[in-house]
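This report concerns only the one structure given below.
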Amino acid sequence: TAATAVPINNELHHFSISYSVPYSYQVISMNESKAKQMCKKRAPDVIAHTETQMIRCYPNARRFDSSNFSPINFWSCGIQLVALNYQTIDSFQILNLAFFEQNANAGYVLKPQVLWNRQHPEYGRFNPYEKKKDGDYLSLTVKVISGQYLTENVSSGNSQMNAPAASSFNIENNGDYNSSFMNSSQSNSYDASAQFNSILHQHRSSGVEMLQSSTTYVELELIGIQCDCMKEKTKAFGKNALNPVWNEEFTFHVTFPELAFLKFTVMDSSNNHVI
């Protein structure tokens, strides 16, 4: 006999003793809300079920903006098929792409051994939703040294920062030089070349001003199972985005490195916008 999961109404309502293994083609498909609820309440049972069967999780229909959720919550419970909104390149989509890069983008990564290897000391007892874990951990030390040419992102919403970028965009995408800088009725008195050089000079000057006025810091975020998630940040380096120097060191304790990611984000301290 073997303990197997019995799917009822598309959910894992109970587990029973069965004399046969479920058919390999039986796949449970559920939205992220149901899957999250199931993983939180019965993570060990979900892990046991996914040893022999497949589960597919997909985004809620309420995500009208096509945003994504963290796939780590479901990977850590052994769920094999985690569907995302590929049309949206957000932080969770980038995390998904980074995860599968470790296998040359083959589209498949072997599960962590704790989810399937019966010889693993944590097999059958692992619960990714536990907030604290005892035992061994990996100590990861990261030193943030410096940065170069850090300027505000165009999408930050700061009009002073956006103006130079918008001017550059219009110039570079204008194929009709004469219609933009030279009116035929004023061709004798209008020097298009002089105006163009003036715009470039203003653009460069404003870029230097941004580099000299921005105060930046680096945020480090460890993304993983619940007990591994944490954030750290450097001190703000004042009014120098040209070559800020932080020279700060941080140490992270990682209990489940198989599903741990380190994210670096450079921020402008004056408005907390991403650079």
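Each chain of the structure tokens is named A, B, ... in the order shown, its residues numbered from 1; ligands are numbered from 1 in display order.
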**OP:** Looking only at alpha helix (DSSP H) from DSSP on the backbone, list the matching residues of stretch 11-104 of chain A as a PyMOL selection string.
**Re:** chain A and resi 32-49+72-75+91-101
**OP:** Would you list the contacts of stretch 32-42 of chain A as a PyMOL selection string, taking every protein, DNA or RNA residue within 10 Å and counting only C-alpha atoms, but skipping same-chain residues closer than 3 positions in sequence?
**Re:** chain A and resi 10-13+29+45-47+55-61+69-71+73-74+76-79+82-83+127-130
Subject >> A:Gln80, A:Thr141, A:Ser269, A:Asn243 ranked by distance to A:Leu110, top pick (using only C-alpha atoms) >> reply: A:Gln80
Subject >> Neighbour list for stretch 226-232 of chain A as a VMD selection string, cut-off 8 Å, only C-alpha atoms, skip fewer than 3 positions in-chain >> reply: chain A and resid 128 to 133 219 to 223 250 253 to 256 260
Selection file, all heavy atoms, as a compact mmCIF listing (two decimals), in the first residue's frame:
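Below you can see selection.txt, which holds the result:
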# COMPACT_ATOMS: atom_id res chain seq x y z
N PRO A 128 8.17 24.78 4.05
CA PRO A 128 8.72 26.08 3.66
C PRO A 128 8.02 27.27 4.29
O PRO A 128 8.53 28.39 4.25
CB PRO A 128 8.55 26.09 2.14
CG PRO A 128 7.42 25.15 1.88
CD PRO A 128 7.52 24.09 2.92
N TYR A 129 6.86 27.05 4.90
CA TYR A 129 6.12 28.16 5.50
C TYR A 129 6.43 28.37 6.97
O TYR A 129 5.85 29.24 7.61
CB TYR A 129 4.61 27.95 5.31
CG TYR A 129 4.15 28.30 3.91
CD1 TYR A 129 4.20 27.36 2.89
CD2 TYR A 129 3.68 29.57 3.61
CE1 TYR A 129 3.80 27.69 1.60
CE2 TYR A 129 3.28 29.91 2.33
CZ TYR A 129 3.33 28.96 1.34
OH TYR A 129 2.93 29.29 0.07
N GLU A 130 7.33 27.59 7.52
CA GLU A 130 7.78 27.84 8.89
C GLU A 130 8.61 29.11 8.93
O GLU A 130 9.49 29.33 8.10
CB GLU A 130 8.61 26.66 9.39
CG GLU A 130 7.79 25.39 9.61
CD GLU A 130 8.66 24.25 10.13
OE1 GLU A 130 9.89 24.45 10.20
OE2 GLU A 130 8.13 23.18 10.43
N LYS A 131 8.33 29.97 9.91
CA LYS A 131 9.01 31.26 9.99
C LYS A 131 10.42 31.14 10.55
O LYS A 131 11.27 31.98 10.29
CB LYS A 131 8.18 32.22 10.84
CG LYS A 131 6.85 32.58 10.20
CD LYS A 131 6.11 33.63 11.01
CE LYS A 131 4.80 34.01 10.32
NZ LYS A 131 4.06 35.04 11.11
N LYS A 132 10.67 30.11 11.33
CA LYS A 132 12.01 29.91 11.90
C LYS A 132 12.42 28.47 11.67
O LYS A 132 11.61 27.54 11.77
CB LYS A 132 12.03 30.23 13.39
CG LYS A 132 11.87 31.71 13.71
CD LYS A 132 12.03 31.97 15.20
CE LYS A 132 11.93 33.46 15.52
NZ LYS A 132 12.09 33.73 16.96
N LYS A 133 13.70 28.30 11.39
CA LYS A 133 14.23 26.95 11.18
C LYS A 133 15.52 26.78 11.97
O LYS A 133 16.37 27.67 12.00
CB LYS A 133 14.50 26.69 9.69
CG LYS A 133 13.25 26.38 8.89
CD LYS A 133 13.60 25.91 7.51
CE LYS A 133 12.37 25.51 6.74
NZ LYS A 133 11.71 24.34 7.33
N GLU A 219 19.84 48.93 -2.11
CA GLU A 219 19.02 48.03 -1.31
C GLU A 219 19.29 46.59 -1.73
O GLU A 219 19.27 46.26 -2.91
CB GLU A 219 17.54 48.36 -1.50
CG GLU A 219 16.60 47.50 -0.68
CD GLU A 219 15.14 47.85 -0.91
OE1 GLU A 219 14.54 47.28 -1.85
OE2 GLU A 219 14.62 48.72 -0.17
N LEU A 220 19.56 45.74 -0.76
CA LEU A 220 19.81 44.32 -1.01
C LEU A 220 18.66 43.52 -0.41
O LEU A 220 18.35 43.66 0.78
CB LEU A 220 21.13 43.86 -0.40
CG LEU A 220 22.43 44.47 -0.93
CD1 LEU A 220 22.71 45.81 -0.24
CD2 LEU A 220 23.60 43.53 -0.69
N GLU A 221 18.03 42.71 -1.23
CA GLU A 221 16.89 41.91 -0.77
C GLU A 221 17.13 40.44 -1.05
O GLU A 221 17.38 40.05 -2.19
CB GLU A 221 15.60 42.37 -1.45
CG GLU A 221 14.38 41.60 -0.99
CD GLU A 221 13.10 42.04 -1.68
OE1 GLU A 221 13.19 42.88 -2.61
OE2 GLU A 221 12.02 41.55 -1.30
N LEU A 222 17.07 39.63 0.00
CA LEU A 222 17.17 38.18 -0.15
C LEU A 222 15.75 37.64 -0.29
O LEU A 222 14.91 37.80 0.61
CB LEU A 222 17.85 37.55 1.06
CG LEU A 222 18.08 36.04 0.99
CD1 LEU A 222 19.04 35.69 -0.13
CD2 LEU A 222 18.62 35.50 2.32
N ILE A 223 15.47 37.01 -1.43
CA ILE A 223 14.14 36.49 -1.73
C ILE A 223 14.21 34.97 -1.70
O ILE A 223 15.05 34.36 -2.38
CB ILE A 223 13.67 36.97 -3.12
CG1 ILE A 223 13.73 38.49 -3.21
CG2 ILE A 223 12.26 36.48 -3.41
CD1 ILE A 223 13.46 39.03 -4.60
N PHE A 250 27.53 43.12 4.17
CA PHE A 250 26.31 42.56 4.76
C PHE A 250 26.41 41.03 4.76
O PHE A 250 27.00 40.44 3.85
CB PHE A 250 25.08 42.99 3.96
CG PHE A 250 24.93 44.48 3.82
CD1 PHE A 250 25.45 45.14 2.71
CD2 PHE A 250 24.30 45.22 4.80
CE1 PHE A 250 25.32 46.50 2.57
CE2 PHE A 250 24.18 46.60 4.68
CZ PHE A 250 24.69 47.23 3.57
N HIS A 253 21.96 34.92 6.31
CA HIS A 253 21.90 33.52 6.68
C HIS A 253 20.80 32.84 5.85
O HIS A 253 19.63 33.20 5.96
CB HIS A 253 21.61 33.37 8.17
CG HIS A 253 22.74 33.85 9.03
ND1 HIS A 253 22.60 34.15 10.37
CD2 HIS A 253 24.04 34.10 8.72
CE1 HIS A 253 23.76 34.57 10.86
NE2 HIS A 253 24.65 34.54 9.87
N VAL A 254 21.20 31.87 5.04
CA VAL A 254 20.28 31.23 4.09
C VAL A 254 20.10 29.77 4.48
O VAL A 254 21.07 29.00 4.47
CB VAL A 254 20.81 31.34 2.65
CG1 VAL A 254 19.76 30.82 1.67
CG2 VAL A 254 21.21 32.76 2.32
N THR A 255 18.88 29.39 4.81
CA THR A 255 18.61 28.00 5.19
C THR A 255 18.23 27.13 4.00
O THR A 255 18.38 25.91 4.03
CB THR A 255 17.48 27.94 6.23
OG1 THR A 255 16.29 28.53 5.68
CG2 THR A 255 17.85 28.70 7.49
N PHE A 256 17.73 27.75 2.94
CA PHE A 256 17.29 26.99 1.77
C PHE A 256 17.85 27.65 0.51
O PHE A 256 17.14 28.31 -0.25
CB PHE A 256 15.76 26.95 1.72
CG PHE A 256 15.20 25.87 0.85
CD1 PHE A 256 15.65 24.56 0.95
CD2 PHE A 256 14.20 26.14 -0.06
CE1 PHE A 256 15.14 23.56 0.15
CE2 PHE A 256 13.67 25.15 -0.87
CZ PHE A 256 14.13 23.85 -0.76
N ALA A 260 16.86 30.54 -3.27
CA ALA A 260 17.20 31.85 -2.71
C ALA A 260 17.79 32.73 -3.81
O ALA A 260 18.64 32.28 -4.58
CB ALA A 260 18.17 31.70 -1.55
Subject >> Residues near A:Asn272, cut-off 10 Å, only C-alpha atoms, skip fewer than 4 positions along chain, as a ChimeraX atom specification >> reply: /A:156,216-217,266-268
Can I get the selected residues back with N, CA, C and O atoms, as a PDB file, in the first residue's frame?
ATOM      1  N   SER A 156      10.458  57.557 -13.409  1.00  0.00           N
ATOM      2  CA  SER A 156      10.382  57.889 -11.992  1.00  0.00           C
ATOM      3  C   SER A 156       9.279  58.867 -11.667  1.00  0.00           C
ATOM      4  O   SER A 156       8.841  58.964 -10.534  1.00  0.00           O
ATOM      5  N   THR A 216      22.288  58.620  -3.517  1.00  0.00           N
ATOM      6  CA  THR A 216      21.876  57.248  -3.815  1.00  0.00           C
ATOM      7  C   THR A 216      22.265  56.278  -2.704  1.00  0.00           C
ATOM      8  O   THR A 216      23.174  56.525  -1.921  1.00  0.00           O
ATOM      9  N   TYR A 217      21.549  55.169  -2.674  1.00  0.00           N
ATOM     10  CA  TYR A 217      21.892  54.048  -1.798  1.00  0.00           C
ATOM     11  C   TYR A 217      21.495  52.752  -2.495  1.00  0.00           C
ATOM     12  O   TYR A 217      20.744  52.762  -3.474  1.00  0.00           O
ATOM     13  N   VAL A 266      19.290  50.034  -6.895  1.00  0.00           N
ATOM     14  CA  VAL A 266      19.870  51.347  -6.602  1.00  0.00           C
ATOM     15  C   VAL A 266      18.730  52.350  -6.500  1.00  0.00           C
ATOM     16  O   VAL A 266      17.892  52.449  -7.401  1.00  0.00           O
ATOM     17  N   MET A 267      18.687  53.096  -5.395  1.00  0.00           N
ATOM     18  CA  MET A 267      17.587  54.008  -5.110  1.00  0.00           C
ATOM     19  C   MET A 267      18.076  55.440  -4.973  1.00  0.00           C
ATOM     20  O   MET A 267      19.221  55.694  -4.563  1.00  0.00           O
ATOM     21  N   ASP A 268      17.199  56.379  -5.309  1.00  0.00           N
ATOM     22  CA  ASP A 268      17.435  57.802  -5.053  1.00  0.00           C
ATOM     23  C   ASP A 268      16.797  58.130  -3.709  1.00  0.00           C
ATOM     24  O   ASP A 268      15.576  58.012  -3.545  1.00  0.00           O
TER      25      ASP A 268
END
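The space separating atom CA of A:Ser214 from atom CA of A:Ser91 comes to 24.3 Å.
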Original post:
Any idea what's packed within 10 Å of A:Ile145, counting only C-alpha atoms, ignoring anything in its chain fewer than 5 positions away? Could you give it as a list in words?
Top reply: Pro244, Val245, Trp246, Asn247, Glu248 and Glu249 of chain A
What would the file look like if the residues just selected were written as a PDB file, in the first residue's frame with N, CA and C atoms?
ATOM      1  N   PRO A 244      29.651  57.084  -6.635  1.00  0.00           N
ATOM      2  CA  PRO A 244      29.454  56.909  -5.187  1.00  0.00           C
ATOM      3  C   PRO A 244      30.221  55.705  -4.653  1.00  0.00           C
ATOM      4  N   VAL A 245      30.750  55.837  -3.448  1.00  0.00           N
ATOM      5  CA  VAL A 245      31.505  54.757  -2.806  1.00  0.00           C
ATOM      6  C   VAL A 245      30.840  54.442  -1.469  1.00  0.00           C
ATOM      7  N   TRP A 246      30.417  53.194  -1.288  1.00  0.00           N
ATOM      8  CA  TRP A 246      29.754  52.787  -0.043  1.00  0.00           C
ATOM      9  C   TRP A 246      30.671  51.946   0.832  1.00  0.00           C
ATOM     10  N   ASN A 247      31.301  50.936   0.262  1.00  0.00           N
ATOM     11  CA  ASN A 247      32.199  50.057   1.019  1.00  0.00           C
ATOM     12  C   ASN A 247      31.539  49.513   2.283  1.00  0.00           C
ATOM     13  N   GLU A 248      30.383  48.900   2.102  1.00  0.00           N
ATOM     14  CA  GLU A 248      29.646  48.321   3.231  1.00  0.00           C
ATOM     15  C   GLU A 248      29.456  46.823   3.005  1.00  0.00           C
ATOM     16  N   GLU A 249      29.479  46.090   4.081  1.00  0.00           N
ATOM     17  CA  GLU A 249      29.416  44.634   4.025  1.00  0.00           C
ATOM     18  C   GLU A 249      28.173  44.129   4.756  1.00  0.00           C
TER      19      GLU A 249
END
Original post:
What separation in Å, quoted to one decimal, exists between atom CA of A:Leu115 and atom CA of A:Gln93?
Top reply: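 Here the two named atoms are 23.6 Å from each other.
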**OP:** Could you tell me how far atom CA of A:Phe99 lies from atom CA of A:Asn85, in Å and to one decimal?
**Re:**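 Result for atom CA of A:Phe99 versus atom CA of A:Asn85: 16.0 Å, one decimal.
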**OP:** Check the DSSP output for the backbone and give back, as number ranges by chain, the residues of stretch 12-128 of chain A in strand (DSSP E or B).
**Re:** A: 12-18, 27-31, 54-58, 81-82
Would you put the residues from that selection into a file with N, CA, C and O atoms, as a PDB file, in the first residue's frame?
ATOM      1  N   LEU A  12      -7.055  19.286  -3.043  1.00  0.00           N
ATOM      2  CA  LEU A  12      -6.590  18.172  -2.228  1.00  0.00           C
ATOM      3  C   LEU A  12      -7.338  18.205  -0.900  1.00  0.00           C
ATOM      4  O   LEU A  12      -6.869  18.756   0.084  1.00  0.00           O
ATOM      5  N   HIS A  13      -8.555  17.631  -0.847  1.00  0.00           N
ATOM      6  CA  HIS A  13      -9.353  17.729   0.366  1.00  0.00           C
ATOM      7  C   HIS A  13      -8.925  16.727   1.439  1.00  0.00           C
ATOM      8  O   HIS A  13      -9.002  17.006   2.628  1.00  0.00           O
ATOM      9  N   HIS A  14      -8.484  15.558   1.032  1.00  0.00           N
ATOM     10  CA  HIS A  14      -8.039  14.605   2.041  1.00  0.00           C
ATOM     11  C   HIS A  14      -7.037  13.634   1.418  1.00  0.00           C
ATOM     12  O   HIS A  14      -6.913  13.534   0.207  1.00  0.00           O
ATOM     13  N   PHE A  15      -6.322  12.962   2.268  1.00  0.00           N
ATOM     14  CA  PHE A  15      -5.320  12.001   1.827  1.00  0.00           C
ATOM     15  C   PHE A  15      -5.692  10.638   2.415  1.00  0.00           C
ATOM     16  O   PHE A  15      -6.111  10.537   3.572  1.00  0.00           O
ATOM     17  N   SER A  16      -5.560   9.607   1.631  1.00  0.00           N
ATOM     18  CA  SER A  16      -5.989   8.293   2.088  1.00  0.00           C
ATOM     19  C   SER A  16      -4.997   7.226   1.648  1.00  0.00           C
ATOM     20  O   SER A  16      -4.074   7.482   0.890  1.00  0.00           O
ATOM     21  N   ILE A  17      -5.214   6.040   2.139  1.00  0.00           N
ATOM     22  CA  ILE A  17      -4.383   4.894   1.764  1.00  0.00           C
ATOM     23  C   ILE A  17      -4.979   4.240   0.526  1.00  0.00           C
ATOM     24  O   ILE A  17      -6.159   3.912   0.489  1.00  0.00           O
ATOM     25  N   SER A  18      -4.170   4.082  -0.495  1.00  0.00           N
ATOM     26  CA  SER A  18      -4.649   3.525  -1.754  1.00  0.00           C
ATOM     27  C   SER A  18      -3.752   2.362  -2.160  1.00  0.00           C
ATOM     28  O   SER A  18      -2.572   2.336  -1.850  1.00  0.00           O
ATOM     29  N   VAL A  27      -3.734  15.710 -13.517  1.00  0.00           N
ATOM     30  CA  VAL A  27      -3.101  16.968 -13.133  1.00  0.00           C
ATOM     31  C   VAL A  27      -4.132  17.854 -12.441  1.00  0.00           C
ATOM     32  O   VAL A  27      -5.248  18.022 -12.952  1.00  0.00           O
ATOM     33  N   ILE A  28      -3.769  18.403 -11.301  1.00  0.00           N
ATOM     34  CA  ILE A  28      -4.632  19.357 -10.613  1.00  0.00           C
ATOM     35  C   ILE A  28      -4.254  20.751 -11.065  1.00  0.00           C
ATOM     36  O   ILE A  28      -3.078  21.121 -11.060  1.00  0.00           O
ATOM     37  N   SER A  29      -5.248  21.546 -11.459  1.00  0.00           N
ATOM     38  CA  SER A  29      -5.023  22.911 -11.905  1.00  0.00           C
ATOM     39  C   SER A  29      -5.848  23.846 -11.027  1.00  0.00           C
ATOM     40  O   SER A  29      -7.061  23.666 -10.898  1.00  0.00           O
ATOM     41  N   MET A  30      -5.198  24.825 -10.409  1.00  0.00           N
ATOM     42  CA  MET A  30      -5.893  25.747  -9.516  1.00  0.00           C
ATOM     43  C   MET A  30      -5.280  27.135  -9.600  1.00  0.00           C
ATOM     44  O   MET A  30      -4.113  27.287  -9.983  1.00  0.00           O
ATOM     45  N   ASN A  31      -6.077  28.154  -9.265  1.00  0.00           N
ATOM     46  CA  ASN A  31      -5.561  29.507  -9.294  1.00  0.00           C
ATOM     47  C   ASN A  31      -4.664  29.767  -8.091  1.00  0.00           C
ATOM     48  O   ASN A  31      -4.598  28.962  -7.160  1.00  0.00           O
ATOM     49  N   MET A  54       1.345  15.912 -10.884  1.00  0.00           N
ATOM     50  CA  MET A  54       1.664  17.289 -11.246  1.00  0.00           C
ATOM     51  C   MET A  54       0.546  18.230 -10.825  1.00  0.00           C
ATOM     52  O   MET A  54      -0.636  17.873 -10.856  1.00  0.00           O
ATOM     53  N   ILE A  55       0.939  19.429 -10.426  1.00  0.00           N
ATOM     54  CA  ILE A  55      -0.008  20.488 -10.084  1.00  0.00           C
ATOM     55  C   ILE A  55       0.344  21.720 -10.902  1.00  0.00           C
ATOM     56  O   ILE A  55       1.514  22.079 -11.028  1.00  0.00           O
ATOM     57  N   ARG A  56      -0.667  22.364 -11.444  1.00  0.00           N
ATOM     58  CA  ARG A  56      -0.494  23.605 -12.199  1.00  0.00           C
ATOM     59  C   ARG A  56      -1.152  24.743 -11.433  1.00  0.00           C
ATOM     60  O   ARG A  56      -2.278  24.604 -10.950  1.00  0.00           O
ATOM     61  N   CYS A  57      -0.440  25.851 -11.328  1.00  0.00           N
ATOM     62  CA  CYS A  57      -0.952  27.040 -10.662  1.00  0.00           C
ATOM     63  C   CYS A  57      -0.918  28.201 -11.649  1.00  0.00           C
ATOM     64  O   CYS A  57       0.069  28.389 -12.355  1.00  0.00           O
ATOM     65  N   TYR A  58      -1.983  28.999 -11.673  1.00  0.00           N
ATOM     66  CA  TYR A  58      -2.060  30.097 -12.633  1.00  0.00           C
ATOM     67  C   TYR A  58      -2.548  31.365 -11.933  1.00  0.00           C
ATOM     68  O   TYR A  58      -3.169  31.304 -10.861  1.00  0.00           O
ATOM     69  N   LEU A  81       4.254  23.291 -12.294  1.00  0.00           N
ATOM     70  CA  LEU A  81       3.869  24.223 -13.350  1.00  0.00           C
ATOM     71  C   LEU A  81       3.310  25.501 -12.731  1.00  0.00           C
ATOM     72  O   LEU A  81       2.172  25.523 -12.267  1.00  0.00           O
ATOM     73  N   VAL A  82       4.120  26.536 -12.707  1.00  0.00           N
ATOM     74  CA  VAL A  82       3.702  27.827 -12.161  1.00  0.00           C
ATOM     75  C   VAL A  82       3.602  28.806 -13.328  1.00  0.00           C
ATOM     76  O   VAL A  82       4.613  29.266 -13.852  1.00  0.00           O
TER      77      VAL A  82
END
